[in-house]
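Student: Pasting my_file_12.cif below, which is mmCIF, C-alpha atoms (C1' of nucleotides).
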data_data
loop_
_atom_site.label_atom_id
_atom_site.label_comp_id
_atom_site.auth_asym_id
_atom_site.auth_seq_id
_atom_site.Cartn_x
_atom_site.Cartn_y
_atom_site.Cartn_z
CA MET U 29 25.15 12.15 2.83
CA GLU U 30 27.58 9.82 4.59
CA THR U 31 29.34 7.53 2.11
CA GLY U 32 30.89 5.21 4.62
CA VAL U 33 33.77 4.12 2.43
CA THR U 34 35.71 3.21 5.53
CA HIS U 35 33.38 0.26 6.17
CA PRO U 36 33.24 -3.15 4.52
CA VAL U 37 30.85 -3.11 1.58
CA VAL U 38 29.04 -6.34 0.83
CA SER U 39 30.45 -7.52 -2.45
CA ASP U 40 27.38 -8.31 -4.53
CA ALA U 41 25.05 -5.80 -2.89
CA ILE U 42 21.87 -4.90 -4.70
CA GLU U 43 21.48 -1.40 -6.00
CA LEU U 44 18.04 -0.51 -4.77
CA GLU U 45 17.56 2.27 -7.31
CA GLN U 46 17.95 -0.26 -10.11
CA PHE U 47 15.93 -3.03 -8.54
CA LEU U 48 12.76 -3.50 -10.55
CA PRO U 49 10.34 -4.25 -7.72
CA TYR U 50 11.56 -1.16 -5.90
CA ARG U 51 11.20 1.04 -8.95
CA LEU U 52 7.70 -0.23 -9.58
CA SER U 53 6.74 0.32 -5.99
CA ARG U 54 8.11 3.83 -5.96
CA LEU U 55 6.42 4.79 -9.20
CA THR U 56 3.10 3.38 -8.12
CA ASN U 57 3.26 5.10 -4.77
CA THR U 58 4.01 8.43 -6.34
CA VAL U 59 1.16 8.08 -8.81
CA SER U 60 -1.33 6.68 -6.32
CA ASN U 61 -0.64 9.33 -3.72
CA ALA U 62 -1.10 12.13 -6.21
CA ILE U 63 -4.33 10.66 -7.52
CA ALA U 64 -5.67 9.75 -4.11
CA GLU U 65 -5.20 13.34 -3.02
CA LEU U 66 -7.07 14.51 -6.09
CA TYR U 67 -10.11 12.32 -5.46
CA ARG U 68 -10.12 12.91 -1.77
CA ASP U 69 -9.89 16.67 -1.94
CA SER U 70 -12.43 16.99 -4.72
CA PHE U 71 -15.02 14.43 -3.70
CA GLY U 72 -14.00 12.77 -0.48
CA LEU U 73 -13.50 9.49 -2.29
CA SER U 74 -10.77 6.94 -1.74
CA ILE U 75 -9.17 5.04 -4.60
CA PRO U 76 -11.16 1.89 -3.76
CA ASP U 77 -14.34 4.01 -3.82
CA TRP U 78 -13.38 5.36 -7.20
CA ARG U 79 -12.70 1.90 -8.59
CA VAL U 80 -16.07 0.65 -7.47
CA MET U 81 -17.79 3.59 -9.13
CA ALA U 82 -15.77 3.18 -12.30
CA VAL U 83 -16.79 -0.44 -12.64
CA LEU U 84 -20.43 0.29 -11.86
CA ALA U 85 -20.40 2.98 -14.52
CA ARG U 86 -19.40 0.43 -17.10
CA PHE U 87 -21.20 -2.58 -15.70
CA PRO U 88 -24.28 -1.35 -13.88
CA GLY U 89 -26.27 -3.72 -11.75
CA GLY U 90 -23.35 -5.93 -10.82
CA SER U 91 -22.95 -7.58 -7.44
CA ALA U 92 -20.16 -7.07 -4.92
CA GLN U 93 -18.72 -10.30 -6.21
CA ASP U 94 -18.60 -8.91 -9.72
CA LEU U 95 -16.74 -5.90 -8.36
CA VAL U 96 -14.21 -8.16 -6.70
CA ALA U 97 -13.61 -9.92 -10.01
CA ARG U 98 -13.31 -6.75 -12.03
CA THR U 99 -11.23 -4.66 -9.63
CA ARG U 100 -9.11 -7.42 -8.05
CA MET U 101 -9.88 -5.73 -4.79
CA ASP U 102 -10.31 -7.73 -1.62
CA LYS U 103 -13.95 -8.51 -0.90
CA VAL U 104 -13.66 -6.75 2.43
CA ALA U 105 -12.48 -3.60 0.71
CA VAL U 106 -15.35 -3.84 -1.76
CA SER U 107 -17.84 -4.36 1.03
CA ARG U 108 -16.59 -1.27 2.82
CA SER U 109 -16.49 0.93 -0.25
CA VAL U 110 -19.97 -0.13 -1.21
CA ALA U 111 -21.22 0.59 2.31
CA ARG U 112 -19.67 4.06 2.23
CA LEU U 113 -21.06 4.85 -1.20
CA VAL U 114 -24.54 3.61 -0.32
CA GLU U 115 -24.37 5.67 2.85
CA ARG U 116 -23.47 8.73 0.83
CA GLY U 117 -26.22 8.05 -1.68
CA LEU U 118 -23.83 7.61 -4.59
CA ILE U 119 -25.00 4.09 -5.32
CA HIS U 120 -28.22 2.17 -4.83
CA ARG U 121 -28.31 -1.36 -3.54
CA THR U 122 -31.20 -3.70 -4.15
CA THR U 123 -31.29 -7.26 -2.93
CA SER U 124 -31.64 -9.70 -5.77
CA SER U 125 -34.94 -11.53 -5.75
CA LYS U 126 -33.45 -14.70 -7.21
CA ASP U 127 -30.64 -14.93 -4.69
CA ARG U 128 -31.24 -13.00 -1.52
CA ARG U 129 -27.54 -13.12 -0.59
CA ARG U 130 -26.64 -11.03 -3.57
CA SER U 131 -27.44 -7.45 -4.22
CA SER U 132 -27.47 -5.50 -7.41
CA LEU U 133 -25.57 -2.22 -7.38
CA LEU U 134 -26.24 0.88 -9.45
CA LEU U 135 -24.85 4.38 -9.52
CA SER U 136 -27.50 6.84 -8.38
CA ASP U 137 -28.12 10.02 -10.36
CA GLU U 138 -25.82 11.81 -8.01
CA GLY U 139 -23.31 8.99 -8.29
CA ARG U 140 -23.31 9.31 -12.07
CA SER U 141 -22.91 13.05 -11.74
CA VAL U 142 -19.94 12.73 -9.41
CA TYR U 143 -18.47 10.07 -11.63
CA ALA U 144 -18.85 12.28 -14.69
CA ARG U 145 -16.92 15.00 -12.93
CA ILE U 146 -14.11 12.68 -11.84
CA VAL U 147 -13.52 11.10 -15.22
CA PRO U 148 -11.83 14.15 -16.75
CA MET U 149 -9.58 14.48 -13.73
CA ALA U 150 -8.58 10.84 -13.98
CA ARG U 151 -7.97 11.08 -17.70
CA ASP U 152 -6.00 14.21 -17.16
CA ALA U 153 -3.71 12.62 -14.59
CA GLU U 154 -3.16 9.68 -16.90
CA SER U 155 -2.41 12.05 -19.77
CA GLN U 156 0.16 13.88 -17.73
CA LEU U 157 1.95 10.62 -17.16
CA LEU U 158 1.73 9.54 -20.77
CA ALA U 159 2.84 12.96 -21.94
CA ALA U 160 6.36 11.94 -20.96
CA LEU U 161 6.24 9.20 -23.60
CA SER U 162 6.22 9.11 -27.37
CA ASP U 163 3.44 7.29 -29.20
CA ARG U 164 5.81 4.46 -29.88
CA GLU U 165 6.72 4.25 -26.23
CA ARG U 166 3.09 4.15 -25.19
CA VAL U 167 2.53 1.12 -27.34
CA ALA U 168 5.64 -0.47 -25.87
CA LEU U 169 4.51 0.35 -22.34
CA ASP U 170 1.19 -1.33 -22.92
CA LYS U 171 2.90 -4.52 -23.98
CA LEU U 172 5.47 -4.41 -21.21
CA LEU U 173 2.88 -3.99 -18.51
CA ASP U 174 0.93 -6.95 -19.78
CA ALA U 175 4.04 -9.08 -19.98
CA LEU U 176 5.16 -8.09 -16.50
CA GLN U 177 1.73 -8.66 -15.02
CA GLY U 178 1.70 -12.09 -16.58
CA ALA U 179 5.08 -12.92 -15.11
CA ALA U 180 4.09 -11.47 -11.75
CA ASP U 181 0.98 -13.62 -11.66
CA THR U 182 3.11 -16.71 -11.71
CA LEU U 183 5.68 -15.39 -9.23
CA GLY U 184 4.30 -16.81 -6.01
CA ALA U 185 2.46 -19.54 -7.89
CA ALA U 186 5.16 -22.12 -7.18
CA ASP U 187 3.47 -22.89 -3.85
CA MET I 15 -20.72 -12.28 -14.27
CA GLU I 16 -23.70 -9.96 -14.52
CA THR I 17 -23.35 -7.70 -17.56
CA GLY I 18 -26.19 -5.35 -16.74
CA VAL I 19 -26.94 -4.32 -20.31
CA THR I 20 -30.46 -3.39 -19.29
CA HIS I 21 -29.17 -0.40 -17.32
CA PRO I 22 -27.94 2.99 -18.48
CA VAL I 23 -24.20 2.91 -19.13
CA VAL I 24 -22.30 6.13 -18.58
CA SER I 25 -21.18 7.23 -22.01
CA ASP I 26 -17.51 8.04 -21.57
CA ALA I 27 -16.84 5.59 -18.77
CA ILE I 28 -13.25 4.70 -18.04
CA GLU I 29 -12.11 1.19 -18.68
CA LEU I 30 -10.34 0.34 -15.47
CA GLU I 31 -8.32 -2.47 -17.03
CA GLN I 32 -6.77 0.02 -19.43
CA PHE I 33 -6.27 2.83 -16.96
CA LEU I 34 -2.55 3.29 -16.39
CA PRO I 35 -2.63 4.10 -12.67
CA TYR I 36 -4.76 1.04 -12.07
CA ARG I 37 -2.48 -1.21 -14.08
CA LEU I 38 0.58 0.06 -12.25
CA SER I 39 -1.08 -0.42 -8.92
CA ARG I 40 -2.16 -3.93 -9.75
CA LEU I 41 1.25 -4.93 -11.05
CA THR I 42 3.06 -3.48 -8.07
CA ASN I 43 0.71 -5.14 -5.62
CA THR I 44 1.15 -8.49 -7.26
CA VAL I 45 4.93 -8.18 -7.24
CA SER I 46 5.16 -6.73 -3.75
CA ASN I 47 2.91 -9.33 -2.21
CA ALA I 48 4.88 -12.17 -3.72
CA ILE I 49 8.18 -10.72 -2.60
CA ALA I 50 6.94 -9.73 0.84
CA GLU I 51 5.84 -13.31 1.39
CA LEU I 52 9.26 -14.52 0.34
CA TYR I 53 11.15 -12.30 2.77
CA ARG I 54 8.72 -12.84 5.58
CA ASP I 55 8.61 -16.61 5.34
CA SER I 56 12.36 -16.97 4.91
CA PHE I 57 13.67 -14.40 7.36
CA GLY I 58 10.79 -12.67 9.09
CA LEU I 59 11.65 -9.42 7.34
CA SER I 60 9.25 -6.87 5.93
CA ILE I 61 9.95 -5.02 2.69
CA PRO I 62 10.92 -1.85 4.60
CA ASP I 63 13.33 -3.96 6.66
CA TRP I 64 14.82 -5.39 3.52
CA ARG I 65 15.26 -1.97 1.98
CA VAL I 66 17.07 -0.68 5.02
CA MET I 67 19.41 -3.64 4.95
CA ALA I 68 19.99 -3.30 1.22
CA VAL I 69 21.03 0.32 1.60
CA LEU I 70 23.24 -0.39 4.59
CA ALA I 71 24.94 -3.14 2.63
CA ARG I 72 25.93 -0.63 -0.03
CA PHE I 73 26.39 2.41 2.19
CA PRO I 74 27.50 1.20 5.60
CA GLY I 75 27.58 3.63 8.46
CA GLY I 76 24.81 5.85 7.19
CA SER I 77 22.29 7.55 9.45
CA ALA I 78 18.52 7.07 9.50
CA GLN I 79 18.32 10.28 7.53
CA ASP I 80 20.55 8.82 4.83
CA LEU I 81 18.23 5.84 4.67
CA VAL I 82 15.25 8.11 4.21
CA ALA I 83 17.01 9.83 1.32
CA ARG I 84 18.08 6.60 -0.36
CA THR I 85 14.91 4.57 0.08
CA ARG I 86 12.31 7.35 -0.16
CA MET I 87 10.70 5.71 2.81
CA ASP I 88 8.92 7.78 5.43
CA LYS I 89 11.22 8.59 8.33
CA VAL I 90 8.80 6.88 10.70
CA ALA I 91 9.02 3.69 8.67
CA VAL I 92 12.80 3.89 8.71
CA SER I 93 12.83 4.50 12.44
CA ARG I 94 10.67 1.44 13.02
CA SER I 95 12.61 -0.82 10.70
CA VAL I 96 15.88 0.23 12.26
CA ALA I 97 14.48 -0.42 15.73
CA ARG I 98 13.33 -3.90 14.71
CA LEU I 99 16.64 -4.75 13.09
CA VAL I 100 18.69 -3.48 16.03
CA GLU I 101 16.43 -5.48 18.32
CA ARG I 102 17.08 -8.59 16.25
CA GLY I 103 20.79 -7.93 16.18
CA LEU I 104 20.94 -7.58 12.42
CA ILE I 105 22.32 -4.06 12.58
CA HIS I 106 24.45 -2.11 15.04
CA ARG I 107 23.69 1.43 16.02
CA THR I 108 26.31 3.78 17.43
CA THR I 109 25.58 7.36 18.36
CA SER I 110 27.71 9.77 16.42
CA SER I 111 30.20 11.66 18.57
CA LYS I 112 30.04 14.82 16.44
CA ASP I 113 26.28 15.06 16.46
CA ARG I 114 24.66 13.17 19.27
CA ARG I 115 21.26 13.23 17.57
CA ARG I 116 22.56 11.11 14.75
CA SER I 117 23.55 7.51 14.85
CA SER I 118 25.66 5.51 12.48
CA LEU I 119 24.16 2.23 11.30
CA LEU I 120 26.01 -0.90 10.24
CA LEU I 121 24.98 -4.42 9.33
CA SER I 122 26.20 -6.85 11.98
CA ASP I 123 27.93 -10.06 10.94
CA GLU I 124 24.61 -11.82 11.21
CA GLY I 125 22.97 -9.00 9.31
CA ARG I 126 25.45 -9.39 6.48
CA SER I 127 24.91 -13.12 6.51
CA VAL I 128 21.14 -12.76 6.31
CA TYR I 129 21.53 -10.15 3.63
CA ALA I 130 23.81 -12.40 1.62
CA ARG I 131 21.17 -15.10 1.70
CA ILE I 132 18.36 -12.79 0.62
CA VAL I 133 20.17 -11.26 -2.32
CA PRO I 134 19.89 -14.34 -4.54
CA MET I 135 16.19 -14.62 -3.76
CA ALA I 136 15.64 -10.99 -4.65
CA ARG I 137 17.64 -11.29 -7.84
CA ASP I 138 15.78 -14.42 -8.70
CA ALA I 139 12.38 -12.78 -8.30
CA GLU I 140 13.51 -9.89 -10.45
CA SER I 141 14.84 -12.31 -13.05
CA GLN I 142 11.54 -14.13 -13.19
CA LEU I 143 9.84 -10.85 -14.01
CA LEU I 144 12.41 -9.83 -16.58
CA ALA I 145 12.33 -13.28 -18.14
CA ALA I 146 9.05 -12.26 -19.75
CA LEU I 147 10.90 -9.55 -21.68
CA SER I 148 13.44 -9.51 -24.49
CA ASP I 149 16.75 -7.71 -24.04
CA ARG I 150 15.45 -4.90 -26.16
CA GLU I 151 12.32 -4.63 -24.05
CA ARG I 152 14.35 -4.51 -20.87
CA VAL I 153 16.21 -1.52 -22.14
CA ALA I 154 12.93 0.08 -23.12
CA LEU I 155 11.42 -0.67 -19.72
CA ASP I 156 14.30 1.02 -18.00
CA LYS I 157 13.75 4.18 -19.97
CA LEU I 158 9.98 4.09 -19.59
CA LEU I 159 10.12 3.72 -15.85
CA ASP I 160 12.45 6.69 -15.55
CA ALA I 161 10.25 8.80 -17.79
CA LEU I 162 7.11 7.85 -15.90
CA GLN I 163 8.71 8.45 -12.53
CA GLY I 164 9.77 11.87 -13.74
CA ALA I 165 6.27 12.70 -14.88
CA ALA I 166 4.78 11.31 -11.70
CA ASP I 167 7.07 13.47 -9.60
CA THR I 168 5.53 16.57 -11.10
CA LEU I 169 1.95 15.26 -10.89
CA GLY I 170 0.85 16.72 -7.60
CA ALA I 171 3.48 19.45 -7.78
CA ALA I 172 0.97 22.04 -9.03
CA ASP I 173 0.03 22.79 -5.42
"C1'" DT E 23 -37.52 -33.03 4.10
"C1'" DG E 24 -33.15 -32.94 6.46
"C1'" DG E 25 -28.53 -32.24 6.42
"C1'" DC E 26 -24.08 -31.16 4.23
"C1'" DT E 27 -21.37 -28.06 1.57
"C1'" DA E 28 -20.59 -23.79 -0.86
"C1'" DT E 29 -21.24 -18.89 -1.73
"C1'" DA E 30 -22.37 -13.62 -0.76
"C1'" DG E 31 -21.39 -10.40 2.12
"C1'" DT E 32 -20.35 -8.35 6.85
"C1'" DT E 33 -18.00 -7.96 11.17
"C1'" DT E 34 -14.22 -8.46 14.22
"C1'" DC E 35 -9.62 -8.06 15.45
"C1'" DA E 36 -4.82 -7.58 14.86
"C1'" DT E 37 -1.32 -5.40 12.08
"C1'" DT E 38 0.42 -1.75 9.20
"C1'" DT E 39 0.79 2.87 7.91
"C1'" DG E 40 1.29 7.90 8.16
"C1'" DC E 41 0.69 12.25 9.97
"C1'" DA E 42 1.37 15.27 13.70
"C1'" DA E 43 3.17 16.21 17.92
"C1'" DC E 44 7.00 15.68 20.46
"C1'" DC E 45 11.92 15.51 22.64
"C1'" DA E 46 16.67 16.19 22.29
"C1'" DA E 47 20.59 18.16 20.24
"C1'" DC E 48 22.67 21.42 17.17
"C1'" DC E 49 23.47 26.10 15.09
"C1'" DG E 50 23.62 30.97 14.22
"C1'" DG E 51 23.12 35.52 15.61
"C1'" DA E 52 22.13 39.27 19.13
"C1'" DT R 13 25.80 32.79 26.35
"C1'" DC R 14 21.14 32.72 25.73
"C1'" DC R 15 17.31 32.31 22.39
"C1'" DG R 16 14.81 31.18 18.13
"C1'" DG R 17 14.82 28.23 14.61
"C1'" DT R 18 16.21 23.82 12.48
"C1'" DT R 19 17.26 18.93 12.21
"C1'" DG R 20 17.50 13.80 13.75
"C1'" DG R 21 14.73 10.62 15.50
"C1'" DT R 22 10.75 8.55 18.35
"C1'" DT R 23 6.10 8.19 20.05
"C1'" DG R 24 0.99 8.56 19.94
"C1'" DC R 25 -3.02 8.21 17.67
"C1'" DA R 26 -6.18 7.54 14.14
"C1'" DA R 27 -7.16 5.59 9.62
"C1'" DA R 28 -6.36 1.84 6.19
"C1'" DT R 29 -5.70 -3.00 5.37
"C1'" DG R 30 -6.26 -7.94 5.58
"C1'" DA R 31 -7.05 -12.53 7.48
"C1'" DA R 32 -10.33 -15.17 9.72
"C1'" DA R 33 -14.65 -15.88 11.86
"C1'" DC R 34 -19.38 -15.30 11.32
"C1'" DT R 35 -24.39 -14.84 9.31
"C1'" DA R 36 -27.53 -15.78 5.98
"C1'" DT R 37 -28.91 -17.90 1.92
"C1'" DA R 38 -28.57 -21.20 -1.70
"C1'" DG R 39 -27.89 -25.78 -3.86
"C1'" DC R 40 -27.35 -30.62 -3.75
"C1'" DC R 41 -28.59 -35.14 -2.75
"C1'" DA R 42 -30.00 -39.08 0.21
#
Can I see the file as structure tokens?

Tutor:
Amino acid sequence: METGVTHPVVSDAIELEQFLPYRLSRLTNTVSNAIAELYRDSFGLSIPDWRVMAVLARFPGGSAQDLVARTRMDKVAVSRSVARLVERGLIHRTTSSKDRRRSSLLLSDEGRSVYARIVPMARDAESQLLAALSDRERVALDKLLDALQGAADTLGAAD
Amino acid sequence: METGVTHPVVSDAIELEQFLPYRLSRLTNTVSNAIAELYRDSFGLSIPDWRVMAVLARFPGGSAQDLVARTRMDKVAVSRSVARLVERGLIHRTTSSKDRRRSSLLLSDEGRSVYARIVPMARDAESQLLAALSDRERVALDKLLDALQGAADTLGAAD
DNA sequence: TGGCTATAGTTTCATTTGCAACCAACCGGA
DNA sequence: TCCGGTTGGTTGCAAATGAAACTATAGCCA
């Protein structure tokens, strides 16, 4: 790799490898790509699809709006995942009688079956990541992620 | 929010909020979106653009291939960022005389000037994140990220 | 009731992204 | 010196993403 020492180096240049946002982005991409491949190859599901199913498994009967709140996904993404999953028969959609704009979403039997088969794969991937950490470090990680997320939430908030 | 307690809940459902890949993804998205907005609004640069400039600031004269190695970006993304930046006059491209496939890339004076103005913003954003952590925790975070990246790198490697 | 505003969800369109195919230049051996 | 394989980089195309417009329904209040 060319080092370029013959050229002027900007004095206070940032070292990308040490730059937190870059490191986070790289880590997340690596993890997400590996997991996305897993879900896709095994069940033809995208990560958004998986998230929708995961939430419906825990909170059955919710609306698309509830999914938006619980997954932080964009409502368009939710709408599309739901449409795909309904299409594939993995979830059932029934229009609410009280509010005909809303619909109530439920995993179908097949949806639950698929979900049950994904869960171990997801847990396994997570375990492989956490295997690199001691118990102590896992506790620390938990705290750090919460703290960072909290700080991140206020990052652009100075608008 | 609809709780849906009247419906069957899958027994060993995953709690998305606690699922490490989800938390990483959410954190990274929050951070990246905030920073992307910053760079875009201030200088019309995307994050890939910024990364290319950051590497060229530290390693002037490198080739697109060097950028790929140092940023872990896709070579297509590098190609497009470089094209944009050359177009805007922020970097200079000169075809290497030894290997006419390669070109050597350098920040222009304007490029260095823009870069110099972004650096404080980038550092500032990073500082705001790290402000949520104690010194001790920062050290821990550094280690954890390396460990997780290492584990992540071997995640899909069982192919 | 009529009319205004707000919400649920979908569609449309423009932008971004990423893989695969591609072109051009280099390299090593017959 | 020609030929097969490799590398540097770009282009084409198709899928993913996201903002904004749109449809339909609900709720409020004069």

Student: Just need chain I moved onto chain U: least-squares over all Cα atoms matched in order, then output as a short mmCIF file (atom, residue, chain, number, x, y, z; two decimals) with C-alpha atoms, in the coordinates of the input.

Tutor:
data_model
loop_
_atom_site.label_atom_id
_atom_site.label_comp_id
_atom_site.auth_asym_id
_atom_site.auth_seq_id
_atom_site.Cartn_x
_atom_site.Cartn_y
_atom_site.Cartn_z
CA MET I 15 25.11 12.20 2.77
CA GLU I 16 27.50 9.89 4.58
CA THR I 17 29.23 7.58 2.10
CA GLY I 18 30.82 5.26 4.62
CA VAL I 19 33.73 4.18 2.45
CA THR I 20 35.70 3.29 5.55
CA HIS I 21 33.41 0.32 6.23
CA PRO I 22 33.23 -3.09 4.60
CA VAL I 23 30.85 -3.04 1.64
CA VAL I 24 29.04 -6.27 0.85
CA SER I 25 30.46 -7.42 -2.45
CA ASP I 26 27.40 -8.25 -4.53
CA ALA I 27 25.07 -5.76 -2.90
CA ILE I 28 21.89 -4.88 -4.73
CA GLU I 29 21.48 -1.39 -6.02
CA LEU I 30 18.03 -0.50 -4.79
CA GLU I 31 17.56 2.27 -7.33
CA GLN I 32 17.96 -0.26 -10.12
CA PHE I 33 15.94 -3.04 -8.55
CA LEU I 34 12.77 -3.51 -10.57
CA PRO I 35 10.37 -4.27 -7.71
CA TYR I 36 11.59 -1.18 -5.90
CA ARG I 37 11.22 1.02 -8.95
CA LEU I 38 7.70 -0.24 -9.57
CA SER I 39 6.76 0.30 -5.98
CA ARG I 40 8.13 3.80 -5.95
CA LEU I 41 6.43 4.76 -9.19
CA THR I 42 3.10 3.35 -8.12
CA ASN I 43 3.26 5.06 -4.75
CA THR I 44 4.03 8.38 -6.33
CA VAL I 45 1.17 8.05 -8.80
CA SER I 46 -1.31 6.65 -6.31
CA ASN I 47 -0.62 9.28 -3.70
CA ALA I 48 -1.09 12.09 -6.18
CA ILE I 49 -4.32 10.64 -7.49
CA ALA I 50 -5.66 9.71 -4.07
CA GLU I 51 -5.18 13.30 -2.99
CA LEU I 52 -7.05 14.47 -6.05
CA TYR I 53 -10.08 12.28 -5.44
CA ARG I 54 -10.11 12.87 -1.73
CA ASP I 55 -9.85 16.64 -1.90
CA SER I 56 -12.38 16.97 -4.70
CA PHE I 57 -14.99 14.43 -3.68
CA GLY I 58 -13.98 12.74 -0.46
CA LEU I 59 -13.49 9.46 -2.29
CA SER I 60 -10.77 6.91 -1.73
CA ILE I 61 -9.17 5.01 -4.60
CA PRO I 62 -11.17 1.86 -3.75
CA ASP I 63 -14.33 3.98 -3.83
CA TRP I 64 -13.37 5.36 -7.19
CA ARG I 65 -12.71 1.91 -8.59
CA VAL I 66 -16.08 0.66 -7.48
CA MET I 67 -17.78 3.60 -9.12
CA ALA I 68 -15.75 3.20 -12.30
CA VAL I 69 -16.81 -0.42 -12.64
CA LEU I 70 -20.44 0.33 -11.86
CA ALA I 71 -20.41 3.04 -14.50
CA ARG I 72 -19.41 0.48 -17.11
CA PHE I 73 -21.24 -2.53 -15.70
CA PRO I 74 -24.31 -1.27 -13.89
CA GLY I 75 -26.27 -3.66 -11.76
CA GLY I 76 -23.36 -5.88 -10.85
CA SER I 77 -22.97 -7.54 -7.46
CA ALA I 78 -20.16 -7.03 -4.95
CA GLN I 79 -18.73 -10.27 -6.25
CA ASP I 80 -18.62 -8.86 -9.77
CA LEU I 81 -16.76 -5.87 -8.41
CA VAL I 82 -14.22 -8.13 -6.75
CA ALA I 83 -13.65 -9.90 -10.06
CA ARG I 84 -13.33 -6.71 -12.08
CA THR I 85 -11.23 -4.65 -9.69
CA ARG I 86 -9.13 -7.42 -8.11
CA MET I 87 -9.87 -5.73 -4.84
CA ASP I 88 -10.27 -7.75 -1.67
CA LYS I 89 -13.91 -8.53 -0.99
CA VAL I 90 -13.65 -6.77 2.36
CA ALA I 91 -12.46 -3.61 0.64
CA VAL I 92 -15.33 -3.83 -1.82
CA SER I 93 -17.81 -4.39 0.98
CA ARG I 94 -16.55 -1.30 2.79
CA SER I 95 -16.47 0.91 -0.27
CA VAL I 96 -19.96 -0.14 -1.24
CA ALA I 97 -21.20 0.57 2.29
CA ARG I 98 -19.64 4.04 2.23
CA LEU I 99 -21.06 4.85 -1.19
CA VAL I 100 -24.54 3.61 -0.31
CA GLU I 101 -24.34 5.66 2.87
CA ARG I 102 -23.45 8.73 0.84
CA GLY I 103 -26.20 8.05 -1.65
CA LEU I 104 -23.83 7.64 -4.57
CA ILE I 105 -24.99 4.12 -5.31
CA HIS I 106 -28.23 2.19 -4.83
CA ARG I 107 -28.32 -1.33 -3.54
CA THR I 108 -31.23 -3.67 -4.17
CA THR I 109 -31.32 -7.23 -2.94
CA SER I 110 -31.65 -9.68 -5.77
CA SER I 111 -34.95 -11.56 -5.76
CA LYS I 112 -33.44 -14.75 -7.21
CA ASP I 113 -30.63 -14.96 -4.71
CA ARG I 114 -31.26 -13.02 -1.56
CA ARG I 115 -27.58 -13.09 -0.60
CA ARG I 116 -26.69 -11.02 -3.61
CA SER I 117 -27.48 -7.42 -4.24
CA SER I 118 -27.49 -5.47 -7.44
CA LEU I 119 -25.57 -2.20 -7.39
CA LEU I 120 -26.24 0.90 -9.45
CA LEU I 121 -24.85 4.42 -9.51
CA SER I 122 -27.50 6.88 -8.36
CA ASP I 123 -28.10 10.06 -10.33
CA GLU I 124 -25.77 11.84 -7.96
CA GLY I 125 -23.30 9.01 -8.27
CA ARG I 126 -23.30 9.34 -12.04
CA SER I 127 -22.89 13.07 -11.71
CA VAL I 128 -19.93 12.73 -9.37
CA TYR I 129 -18.47 10.08 -11.60
CA ALA I 130 -18.84 12.29 -14.65
CA ARG I 131 -16.90 15.00 -12.89
CA ILE I 132 -14.08 12.69 -11.82
CA VAL I 133 -13.51 11.11 -15.20
CA PRO I 134 -11.82 14.16 -16.73
CA MET I 135 -9.55 14.47 -13.70
CA ALA I 136 -8.57 10.83 -13.96
CA ARG I 137 -7.97 11.07 -17.68
CA ASP I 138 -5.99 14.20 -17.14
CA ALA I 139 -3.71 12.59 -14.58
CA GLU I 140 -3.15 9.66 -16.89
CA SER I 141 -2.43 12.03 -19.76
CA GLN I 142 0.16 13.87 -17.72
CA LEU I 143 1.96 10.59 -17.16
CA LEU I 144 1.72 9.52 -20.78
CA ALA I 145 2.82 12.94 -21.95
CA ALA I 146 6.34 11.92 -20.98
CA LEU I 147 6.21 9.17 -23.61
CA SER I 148 6.16 9.07 -27.40
CA ASP I 149 3.36 7.26 -29.21
CA ARG I 150 5.72 4.43 -29.91
CA GLU I 151 6.68 4.21 -26.25
CA ARG I 152 3.06 4.12 -25.20
CA VAL I 153 2.48 1.10 -27.34
CA ALA I 154 5.58 -0.49 -25.89
CA LEU I 155 4.48 0.32 -22.35
CA ASP I 156 1.17 -1.37 -22.93
CA LYS I 157 2.87 -4.55 -24.00
CA LEU I 158 5.45 -4.43 -21.23
CA LEU I 159 2.88 -4.01 -18.51
CA ASP I 160 0.92 -6.99 -19.78
CA ALA I 161 4.04 -9.12 -19.98
CA LEU I 162 5.16 -8.12 -16.50
CA GLN I 163 1.73 -8.68 -15.02
CA GLY I 164 1.71 -12.12 -16.57
CA ALA I 165 5.09 -12.95 -15.11
CA ALA I 166 4.12 -11.50 -11.76
CA ASP I 167 1.00 -13.65 -11.66
CA THR I 168 3.13 -16.76 -11.72
CA LEU I 169 5.69 -15.43 -9.22
CA GLY I 170 4.34 -16.83 -6.00
CA ALA I 171 2.47 -19.58 -7.83
CA ALA I 172 5.17 -22.17 -7.08
CA ASP I 173 3.49 -22.86 -3.73
#

Student: Just the residues within 10 Å of stretch 34-51 of chain E, please, counting all atoms listed in the file, with nothing from its chain fewer than 4 positions along; format it as a ChimeraX atom specification.

Tutor: /I:88-91,112-116 /R:15-34

Student: Work out how far atom CA of I:Thr42 is from atom CA of U:Gly139, in Å to one decimal.

Tutor: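 Distance between the two atoms: 29.2 Å.
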
Student: Quick one: pull the distance between atom CA of U:Ala64 and atom CA of U:Trp78, Å, one decimal.

Tutor: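 Computing the Euclidean distance for atom CA of U:Ala64 and atom CA of U:Trp78 yields 9.4 Å.
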
Student: For the atom pair atom CA of U:Leu66 and atom CA of U:Asp152, what is the interatomic distance in Å to one decimal place?

Tutor: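 A separation of 11.1 Å between them.
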
Student: Which residues come within 12 Å of stretch 163-174 of chain U, counting only C-alpha atoms (C1' of nucleotides), excluding same-chain residues fewer than 2 positions away, as a PyMOL selection string?

Tutor: (chain U and resi 52+154-155+157-161+176-181) or (chain I and resi 31-42+143-148+150-159+161-162)

Student: Can you pull out the residues contacting stretch 120-124 of chain I? Cut-off 10 Å, using only C-alpha atoms (C1' of nucleotides), and skip same-chain residues under 4 positions away; I want them as JSON, numbers by chain.

Tutor: {"U": [32, 35, 36, 37, 38], "I": [66, 67, 68, 69, 70, 71, 73, 74, 75, 76, 77, 99, 100, 102, 103, 104, 105, 106, 107, 108, 128, 129, 130]}
